[in-house]
file structure_13.txt (compact mmCIF, C-alpha atoms and all ligand atoms)
# COMPACT_ATOMS: atom_id res chain seq x y z
CA MET J 1 -3.56 -39.07 13.52
CA LYS J 2 -5.08 -35.81 14.80
CA VAL J 3 -5.11 -32.88 12.39
CA CYS J 4 -4.32 -29.27 13.36
CA VAL J 5 -5.13 -26.55 10.82
CA ILE J 6 -3.43 -23.23 11.45
CA THR J 7 -3.57 -19.93 9.61
CA GLY J 8 -0.39 -17.88 9.33
CA GLY J 9 1.92 -20.76 10.20
CA SER J 10 4.63 -19.41 7.90
CA ARG J 11 6.29 -17.26 10.57
CA GLY J 12 5.98 -15.67 14.01
CA ILE J 13 3.49 -17.01 16.55
CA GLY J 14 1.84 -19.28 13.98
CA ALA J 15 5.13 -20.98 13.11
CA ALA J 16 5.85 -21.59 16.81
CA LEU J 17 2.34 -23.00 17.42
CA LEU J 18 2.61 -25.21 14.34
CA LYS J 19 5.96 -26.62 15.52
CA GLU J 20 4.55 -27.27 18.99
CA PHE J 21 1.49 -29.13 17.65
CA LYS J 22 3.68 -31.13 15.25
CA GLU J 23 5.93 -32.17 18.12
CA LYS J 24 2.80 -33.28 20.01
CA GLY J 25 2.06 -35.69 17.13
CA PHE J 26 -0.49 -33.70 15.12
CA PHE J 27 -0.57 -33.68 11.31
CA THR J 28 -0.17 -29.93 10.71
CA VAL J 29 -1.71 -27.91 7.89
CA ASN J 30 -0.61 -24.34 7.24
CA LEU J 31 -2.88 -21.86 5.50
CA SER J 32 -1.06 -18.68 4.43
CA ARG J 33 0.38 -16.98 1.36
CA SER J 34 3.89 -18.34 1.89
CA GLU J 35 4.88 -21.84 2.97
CA SER J 36 5.98 -23.20 6.32
CA ILE J 37 8.85 -25.69 6.05
CA GLU J 38 7.56 -27.27 9.29
CA ALA J 39 4.03 -28.01 8.05
CA ASN J 40 3.02 -31.47 6.87
CA LEU J 41 0.81 -29.74 4.30
CA ASN J 42 0.77 -26.17 2.96
CA ILE J 43 -2.26 -24.67 1.29
CA GLN J 44 -1.66 -21.28 -0.25
CA VAL J 45 -4.38 -18.76 0.54
CA ASP J 46 -4.86 -15.03 0.78
CA LEU J 47 -7.15 -14.75 3.80
CA SER J 48 -8.32 -11.31 2.74
CA LYS J 49 -10.27 -12.95 -0.11
CA PHE J 50 -13.45 -14.98 0.48
CA ASP J 51 -13.01 -16.89 -2.81
CA ASP J 52 -9.49 -17.92 -1.83
CA ILE J 53 -10.73 -19.14 1.55
CA SER J 54 -13.47 -21.22 -0.11
CA MET J 55 -10.93 -22.83 -2.43
CA ALA J 56 -8.52 -23.49 0.44
CA VAL J 57 -11.27 -25.21 2.46
CA SER J 58 -12.13 -27.43 -0.53
CA GLN J 59 -8.46 -28.39 -1.01
CA LEU J 60 -8.10 -29.06 2.71
CA LEU J 61 -11.12 -31.34 2.88
CA GLU J 62 -9.85 -33.32 -0.12
CA LYS J 63 -6.56 -33.96 1.67
CA VAL J 64 -7.31 -34.57 5.34
CA PRO J 65 -9.65 -37.17 6.85
CA ARG J 66 -10.65 -35.05 9.84
CA VAL J 67 -10.05 -31.74 11.60
CA ASN J 68 -9.34 -31.78 15.35
CA VAL J 69 -7.98 -28.29 15.94
CA LEU J 70 -8.45 -25.05 14.02
CA ILE J 71 -6.11 -22.22 15.02
CA ASN J 72 -7.12 -18.83 13.61
CA ASN J 73 -3.77 -17.15 14.08
CA ALA J 74 -3.05 -15.08 10.95
CA GLY J 75 -3.39 -11.40 11.61
CA ILE J 76 -2.18 -8.01 10.54
CA GLY J 77 -1.63 -4.80 12.49
CA LEU J 78 -2.66 -1.27 11.64
CA TYR J 79 -0.89 1.69 13.23
CA GLU J 80 -2.77 4.79 12.14
CA SER J 81 -5.00 7.56 13.49
CA TRP J 82 -8.71 7.37 12.64
CA GLU J 83 -8.25 10.71 10.90
CA GLU J 84 -5.64 9.41 8.47
CA MET J 85 -6.64 5.75 8.20
CA SER J 86 -7.70 4.61 4.75
CA MET J 87 -10.91 2.59 4.52
CA GLU J 88 -9.01 0.09 2.34
CA ASP J 89 -6.51 -0.61 5.14
CA LEU J 90 -9.27 -0.89 7.76
CA LYS J 91 -11.23 -3.28 5.51
CA LYS J 92 -8.15 -5.45 4.97
CA VAL J 93 -7.52 -5.67 8.71
CA PHE J 94 -11.11 -6.77 9.35
CA GLU J 95 -10.95 -9.26 6.46
CA ILE J 96 -7.85 -10.98 7.83
CA ASN J 97 -8.36 -10.56 11.60
CA PHE J 98 -12.12 -11.09 11.83
CA PHE J 99 -13.93 -12.29 8.68
CA ALA J 100 -11.37 -15.00 7.82
CA PRO J 101 -11.57 -16.63 11.29
CA VAL J 102 -15.37 -16.50 11.16
CA MET J 103 -15.54 -17.98 7.65
CA LEU J 104 -13.01 -20.74 8.37
CA THR J 105 -14.70 -21.66 11.63
CA LYS J 106 -18.14 -21.79 10.00
CA SER J 107 -16.76 -23.90 7.13
CA LEU J 108 -15.03 -26.38 9.43
CA LEU J 109 -17.68 -26.57 12.14
CA PRO J 110 -19.30 -29.77 10.77
CA PHE J 111 -15.89 -31.50 10.93
CA LEU J 112 -15.07 -30.12 14.39
CA LYS J 113 -18.42 -31.49 15.56
CA GLU J 114 -17.40 -34.96 14.39
CA THR J 115 -14.13 -34.87 16.34
CA GLN J 116 -15.41 -32.78 19.28
CA GLY J 117 -12.49 -30.59 18.39
CA SER J 118 -11.15 -27.19 19.37
CA VAL J 119 -11.03 -23.70 17.93
CA ILE J 120 -8.20 -21.44 19.08
CA ASN J 121 -8.45 -17.78 18.11
CA VAL J 122 -5.26 -15.78 18.52
CA SER J 123 -6.43 -12.45 19.87
CA SER J 124 -4.68 -9.64 21.70
CA VAL J 125 -4.76 -7.39 24.75
CA ALA J 126 -5.59 -4.81 22.09
CA GLY J 127 -8.99 -6.54 21.97
CA LYS J 128 -9.56 -5.76 25.63
CA LEU J 129 -8.07 -2.25 25.92
CA TYR J 130 -8.11 0.44 23.26
CA VAL J 131 -4.83 2.07 22.27
CA SER J 132 -4.52 5.37 20.39
CA TYR J 133 -3.24 5.04 16.83
CA MET J 134 -4.16 1.33 16.94
CA GLY J 135 -7.94 1.84 17.01
CA GLY J 136 -8.64 -0.06 13.79
CA TYR J 137 -6.61 -3.07 14.93
CA CYS J 138 -8.18 -2.92 18.41
CA ALA J 139 -11.66 -2.90 16.86
CA SER J 140 -10.86 -6.04 14.81
CA LYS J 141 -9.64 -7.88 17.93
CA PHE J 142 -12.63 -6.66 20.03
CA ALA J 143 -14.79 -8.20 17.29
CA LEU J 144 -12.77 -11.42 17.37
CA ASN J 145 -13.24 -11.63 21.15
CA ALA J 146 -17.00 -11.20 20.78
CA PHE J 147 -16.99 -13.97 18.17
CA SER J 148 -14.97 -16.32 20.39
CA ASP J 149 -17.03 -15.78 23.54
CA SER J 150 -20.44 -16.10 21.86
CA LEU J 151 -19.28 -19.06 19.74
CA ARG J 152 -18.02 -20.85 22.87
CA ALA J 153 -21.47 -20.67 24.44
CA GLU J 154 -23.16 -21.88 21.24
CA VAL J 155 -20.94 -24.90 20.49
CA ARG J 156 -20.52 -26.18 24.03
CA LYS J 157 -23.41 -28.55 23.30
CA TYR J 158 -21.25 -30.29 20.64
CA ASN J 159 -18.31 -30.57 23.06
CA ILE J 160 -16.31 -28.19 20.88
CA HIS J 161 -13.89 -26.10 22.91
CA VAL J 162 -13.18 -22.47 22.02
CA LEU J 163 -10.03 -20.84 23.37
CA ASN J 164 -9.54 -17.14 22.88
CA LEU J 165 -5.85 -16.46 23.33
CA ILE J 166 -5.27 -12.95 24.70
CA VAL J 167 -1.70 -12.30 23.70
CA GLY J 168 0.56 -9.46 24.89
CA ARG J 169 3.58 -8.20 23.00
CA ILE J 170 5.54 -11.02 21.36
CA ASP J 171 8.85 -10.66 19.58
CA THR J 172 7.93 -11.26 15.92
CA GLY J 173 7.98 -9.07 12.83
CA PHE J 174 4.34 -8.12 13.52
CA SER J 175 4.83 -4.33 13.80
CA GLN J 176 7.00 -4.13 10.72
CA ASN J 177 4.54 -6.25 8.71
CA ALA J 178 1.67 -3.99 9.79
CA LEU J 179 -0.18 -1.37 7.76
CA GLY J 180 -0.16 2.35 8.59
CA SER J 181 2.33 5.17 9.04
CA LYS J 182 2.69 5.10 12.84
CA LYS J 183 4.51 1.83 13.41
CA PRO J 184 6.45 1.66 16.69
CA PRO J 185 10.24 1.31 16.55
CA GLU J 186 11.48 -2.29 16.27
CA THR J 187 13.26 -1.94 19.61
CA PHE J 188 10.03 -1.57 21.56
CA GLY J 189 11.33 -3.86 24.33
CA GLY J 190 9.71 -6.10 26.91
CA SER J 191 8.53 -8.82 24.53
CA ALA J 192 8.18 -12.55 25.14
CA THR J 193 9.09 -15.08 22.46
CA ALA J 194 6.64 -16.85 20.16
CA GLU J 195 8.15 -20.20 21.22
CA ARG J 196 7.37 -19.56 24.91
CA LEU J 197 3.79 -18.55 24.03
CA ALA J 198 3.36 -21.74 21.97
CA GLN J 199 4.64 -23.91 24.83
CA LEU J 200 2.18 -22.29 27.26
CA THR J 201 -0.73 -22.75 24.82
N1 LIG J 301 3.36 -10.15 17.88
C1 LIG J 301 2.63 -9.59 18.81
O1 LIG J 301 3.12 -8.78 19.61
C2 LIG J 301 1.16 -9.93 18.93
C3 LIG J 301 0.48 -9.51 20.08
C4 LIG J 301 -0.87 -9.83 20.22
C5 LIG J 301 -1.50 -10.57 19.24
N2 LIG J 301 -0.84 -10.95 18.13
C6 LIG J 301 -1.57 -11.72 17.11
O2 LIG J 301 -0.88 -12.90 16.82
C7 LIG J 301 -1.15 -13.31 15.49
C8 LIG J 301 0.15 -13.64 14.79
O3 LIG J 301 0.97 -12.49 14.80
P1 LIG J 301 2.56 -12.53 14.59
O4 LIG J 301 3.14 -11.64 15.61
O5 LIG J 301 3.03 -13.93 14.48
O6 LIG J 301 2.66 -11.77 13.17
P2 LIG J 301 3.59 -12.02 11.88
O7 LIG J 301 4.93 -12.50 12.31
O8 LIG J 301 3.49 -10.79 11.06
O9 LIG J 301 2.87 -13.24 11.13
C9 LIG J 301 1.60 -13.06 10.57
C10 LIG J 301 1.15 -14.35 9.89
O10 LIG J 301 -0.15 -14.08 9.29
C11 LIG J 301 -0.12 -14.46 7.92
N3 LIG J 301 -0.91 -13.56 7.09
C12 LIG J 301 -0.89 -12.21 7.10
N4 LIG J 301 -1.70 -11.74 6.12
C13 LIG J 301 -2.22 -12.83 5.49
C14 LIG J 301 -3.10 -13.01 4.39
N5 LIG J 301 -3.61 -11.97 3.71
N6 LIG J 301 -3.42 -14.26 4.01
C15 LIG J 301 -2.88 -15.33 4.66
N7 LIG J 301 -2.06 -15.24 5.71
C16 LIG J 301 -1.72 -13.99 6.11
C17 LIG J 301 1.36 -14.39 7.51
O11 LIG J 301 1.63 -15.33 6.47
P3 LIG J 301 1.99 -14.94 4.95
O12 LIG J 301 2.64 -13.60 4.95
O13 LIG J 301 2.85 -16.07 4.51
O14 LIG J 301 0.67 -14.94 4.24
C18 LIG J 301 2.09 -14.80 8.79
O15 LIG J 301 2.26 -16.19 8.84
C19 LIG J 301 -1.94 -12.19 14.85
O16 LIG J 301 -3.33 -12.50 14.86
C20 LIG J 301 -1.69 -11.01 15.78
O17 LIG J 301 -2.75 -10.07 15.77
C21 LIG J 301 0.49 -10.66 17.95
call {"tool": "encode", "arguments": {"input": "structure_13.txt", "output": "structure tokens"}}
result
Amino acid sequence: MKVCVITGGSRGIGAALLKEFKEKGFFTVNLSRSESIEANLNIQVDLSKFDDISMAVSQLLEKVPRVNVLINNAGIGLYESWEEMSMEDLKKVFEINFFAPVMLTKSLLPFLKETQGSVINVSSVAGKLYVSYMGGYCASKFALNAFSDSLRAEVRKYNIHVLNLIVGRIDTGFSQNALGSKKPPETFGGSATAERLAQLT
């Protein structure tokens, strides 16, 4: 059975992707702080901590025979001006949105080579266009895009595929779960659903 490892499968876009891959016959592993009832296996991890990620990778490799797909989905928003942004919040956003995907991908690359697997990074239009009061978040997604595009060129020789998913506004609790004092109102409007995004992926 093929194995799909997804970060942030406990809710939102990650939960919808996890369900979709499970329905396609994958054994699904969720890596996040809270559990997904849909996942075949949950491994609790705080992706803002390198030590936690190391432990999660060890647990994962004890429990699954292979890794076919890694989906770096977990992410956190930051709605704040550069003037008022705390360095702690900015660091946390980079830890979760950029360093965690890089560390997980590097850790699982030997296994993805064996299966000629895929890496899917869930990025954002905010990684292509800058938005005022979202500069810290935009910067983390610009960095993720640079990672995806350069990684793709490097691992093509192993037949590993890298998909960088540029996502627009999706109706999840993302804004309310974000850091910062300038969160948009919940009724922002014009959003697609996480389920539709997962089907299209
Ligand atoms: N929603 C949108 O409009 C939108 C648009 C463009 C891109 N995106 C991107 O899509 C991805 C998913 O967003 P979403 O809308 O589904 O957000 P969400 O509903 O807030 O879900 C975020 C997920 O990330 C996990 N997560 C957050 N911090 C974590 C941590 N420290 N350690 C482990 N897991 C953590 C959460 O799990 P736990 O809380 O259980 O740990 C949760 O499963 C993100 O990368 C986001 O940047 C979203």
call {"tool": "closest_residue", "arguments": {"input": "structure_13.txt", "among": "J:Val64, J:Leu108, J:Val45, J:Val102", "to": "ligand LIG 301 (chain J)", "atoms": "only C-alpha atoms and all ligand atoms"}}
result
J:Val45
call {"tool": "closest_residue", "arguments": {"input": "structure_13.txt", "among": "J:Asn177, J:Ile37, J:Tyr130, J:Ile71", "to": "Cys4 of chain J", "atoms": "all atoms listed in the file"}}
result
J:Ile71
call {"tool": "atom_distance", "arguments": {"input": "structure_13.txt", "atom1": "atom CA of Ser81 of chain J", "atom2": "atom CA of Phe99 of chain J"}}
result
22.3 Å
call {"tool": "residues_around", "arguments": {"input": "structure_13.txt", "residues": "Ser123 of chain J", "least_positions_apart": "2", "cutoff": "7 Å", "atoms": "only C-alpha atoms", "output": "tab-separated table (two decimals) with C-alpha atoms, keeping the file's coordinate frame"}}
result
chain	number	residue	atom	x	y	z
J	121	ASN	CA	-8.45	-17.78	18.11
J	127	GLY	CA	-8.99	-6.54	21.97
J	141	LYS	CA	-9.64	-7.88	17.93
J	144	LEU	CA	-12.77	-11.42	17.37
J	145	ASN	CA	-13.24	-11.63	21.15
J	164	ASN	CA	-9.54	-17.14	22.88
J	165	LEU	CA	-5.85	-16.46	23.33
J	166	ILE	CA	-5.27	-12.95	24.70
J	167	VAL	CA	-1.70	-12.30	23.70
call {"tool": "closest_residue", "arguments": {"input": "structure_13.txt", "among": "J:Phe147, J:Phe111, J:Tyr133, J:Phe98", "to": "ligand LIG 301 (chain J)", "atoms": "all atoms listed in the file"}}
result
J:Phe98
call {"tool": "residues_around", "arguments": {"input": "structure_13.txt", "residues": "Lys22 of chain J", "least_positions_apart": "3", "cutoff": "12 Å", "atoms": "only C-alpha atoms", "output": "list in words"}}
result
Met1, Lys2, Val3, Cys4, Val5, Ile6, Gly9, Ala15, Ala16, Leu17, Leu18, Lys19, Gly25, Phe26, Phe27, Thr28, Val29, Asn30, Ile37, Glu38, Ala39, Asn40, Leu41 and Ala198 of chain J
call {"tool": "closest_residue", "arguments": {"input": "structure_13.txt", "among": "J:Gly136, J:Gly180, J:Gly12, J:Gly117", "to": "Ile160 of chain J", "atoms": "all atoms listed in the file"}}
result
J:Gly117
call {"tool": "closest_residue", "arguments": {"input": "structure_13.txt", "among": "J:Leu151, J:Leu70, J:Ala146, J:Val122", "to": "ligand LIG 301 (chain J)", "atoms": "only C-alpha atoms and all ligand atoms"}}
result
J:Val122
call {"tool": "residues_around", "arguments": {"input": "structure_13.txt", "residues": "Arg169 of chain J", "least_positions_apart": "2", "cutoff": "8 Å", "atoms": "only C-alpha atoms", "output": "list in words"}}
result
Val167, Asp171, Gly190, Ser191 and Ala192 of chain J
call {"tool": "atom_distance", "arguments": {"input": "structure_13.txt", "atom1": "atom CA of Val162 of chain J", "atom2": "atom CA of Gln176 of chain J"}}
result
29.5 Å
call {"tool": "closest_residue", "arguments": {"input": "structure_13.txt", "among": "J:Pro185, J:Gly75, J:Pro101, J:Pro65", "to": "ligand LIG 301 (chain J)", "atoms": "only C-alpha atoms and all ligand atoms"}}
result
J:Gly75
call {"tool": "atom_distance", "arguments": {"input": "structure_13.txt", "atom1": "atom CA of Ser86 of chain J", "atom2": "atom CA of Tyr137 of chain J"}}
result
12.8 Å
call {"tool": "axis_aligned_box", "arguments": {"input": "structure_13.txt", "around": "ligand LIG 301 (chain J)", "padding_each_side": "3 Å", "output": "AutoDock Vina command-line options"}}
result
--center_x 0.7 --center_y -12.5 --center_z 12.0 --size_x 14.5 --size_y 13.4 --size_z 22.5
call {"tool": "build_atoms", "arguments": {"input": "structure_13.txt", "residues": "segment 135-162 of chain J", "atoms": "N, CA and C atoms", "output": "short mmCIF file (atom, residue, chain, number, x, y, z; two decimals), keeping the file's coordinate frame"}}
result
data_model
loop_
_atom_site.label_atom_id
_atom_site.label_comp_id
_atom_site.auth_asym_id
_atom_site.auth_seq_id
_atom_site.Cartn_x
_atom_site.Cartn_y
_atom_site.Cartn_z
N GLY J 135 -6.50 2.03 16.85
CA GLY J 135 -7.94 1.84 17.01
C GLY J 135 -8.54 0.83 16.04
N GLY J 136 -8.09 0.86 14.79
CA GLY J 136 -8.64 -0.06 13.79
C GLY J 136 -8.30 -1.50 14.11
N TYR J 137 -7.05 -1.72 14.52
CA TYR J 137 -6.61 -3.07 14.93
C TYR J 137 -7.36 -3.51 16.18
N CYS J 138 -7.45 -2.59 17.17
CA CYS J 138 -8.18 -2.92 18.41
C CYS J 138 -9.61 -3.35 18.07
N ALA J 139 -10.26 -2.60 17.20
CA ALA J 139 -11.66 -2.90 16.86
C ALA J 139 -11.78 -4.31 16.26
N SER J 140 -10.80 -4.69 15.43
CA SER J 140 -10.86 -6.04 14.81
C SER J 140 -10.69 -7.12 15.87
N LYS J 141 -9.86 -6.86 16.89
CA LYS J 141 -9.64 -7.88 17.93
C LYS J 141 -10.79 -7.86 18.95
N PHE J 142 -11.41 -6.68 19.21
CA PHE J 142 -12.63 -6.66 20.03
C PHE J 142 -13.69 -7.54 19.35
N ALA J 143 -13.80 -7.40 18.04
CA ALA J 143 -14.79 -8.20 17.29
C ALA J 143 -14.46 -9.68 17.38
N LEU J 144 -13.18 -10.01 17.27
CA LEU J 144 -12.77 -11.42 17.37
C LEU J 144 -13.12 -11.98 18.75
N ASN J 145 -12.91 -11.18 19.79
CA ASN J 145 -13.24 -11.63 21.15
C ASN J 145 -14.75 -11.90 21.28
N ALA J 146 -15.54 -11.01 20.71
CA ALA J 146 -17.00 -11.20 20.78
C ALA J 146 -17.38 -12.48 20.05
N PHE J 147 -16.74 -12.72 18.92
CA PHE J 147 -16.99 -13.97 18.17
C PHE J 147 -16.65 -15.18 19.03
N SER J 148 -15.43 -15.16 19.61
CA SER J 148 -14.97 -16.32 20.39
C SER J 148 -15.91 -16.62 21.56
N ASP J 149 -16.26 -15.56 22.30
CA ASP J 149 -17.03 -15.78 23.54
C ASP J 149 -18.46 -16.22 23.24
N SER J 150 -19.07 -15.69 22.19
CA SER J 150 -20.44 -16.10 21.86
C SER J 150 -20.42 -17.48 21.19
N LEU J 151 -19.41 -17.73 20.37
CA LEU J 151 -19.28 -19.06 19.74
C LEU J 151 -19.13 -20.14 20.81
N ARG J 152 -18.28 -19.86 21.81
CA ARG J 152 -18.02 -20.85 22.87
C ARG J 152 -19.34 -21.31 23.51
N ALA J 153 -20.19 -20.33 23.79
CA ALA J 153 -21.47 -20.67 24.44
C ALA J 153 -22.36 -21.49 23.50
N GLU J 154 -22.29 -21.20 22.20
CA GLU J 154 -23.16 -21.88 21.24
C GLU J 154 -22.72 -23.31 20.94
N VAL J 155 -21.40 -23.57 20.93
CA VAL J 155 -20.94 -24.90 20.49
C VAL J 155 -20.57 -25.83 21.64
N ARG J 156 -20.80 -25.33 22.85
CA ARG J 156 -20.52 -26.18 24.03
C ARG J 156 -21.33 -27.48 23.92
N LYS J 157 -22.53 -27.38 23.38
CA LYS J 157 -23.41 -28.55 23.30
C LYS J 157 -22.83 -29.65 22.38
N TYR J 158 -21.90 -29.29 21.51
CA TYR J 158 -21.25 -30.29 20.64
C TYR J 158 -19.92 -30.76 21.24
N ASN J 159 -19.61 -30.30 22.43
CA ASN J 159 -18.31 -30.57 23.06
C ASN J 159 -17.14 -30.00 22.25
N ILE J 160 -17.40 -28.92 21.55
CA ILE J 160 -16.31 -28.19 20.88
C ILE J 160 -15.81 -27.13 21.86
N HIS J 161 -14.48 -27.07 21.99
CA HIS J 161 -13.89 -26.10 22.91
C HIS J 161 -13.42 -24.88 22.12
N VAL J 162 -13.64 -23.71 22.67
CA VAL J 162 -13.18 -22.47 22.02
C VAL J 162 -12.25 -21.74 22.99
#
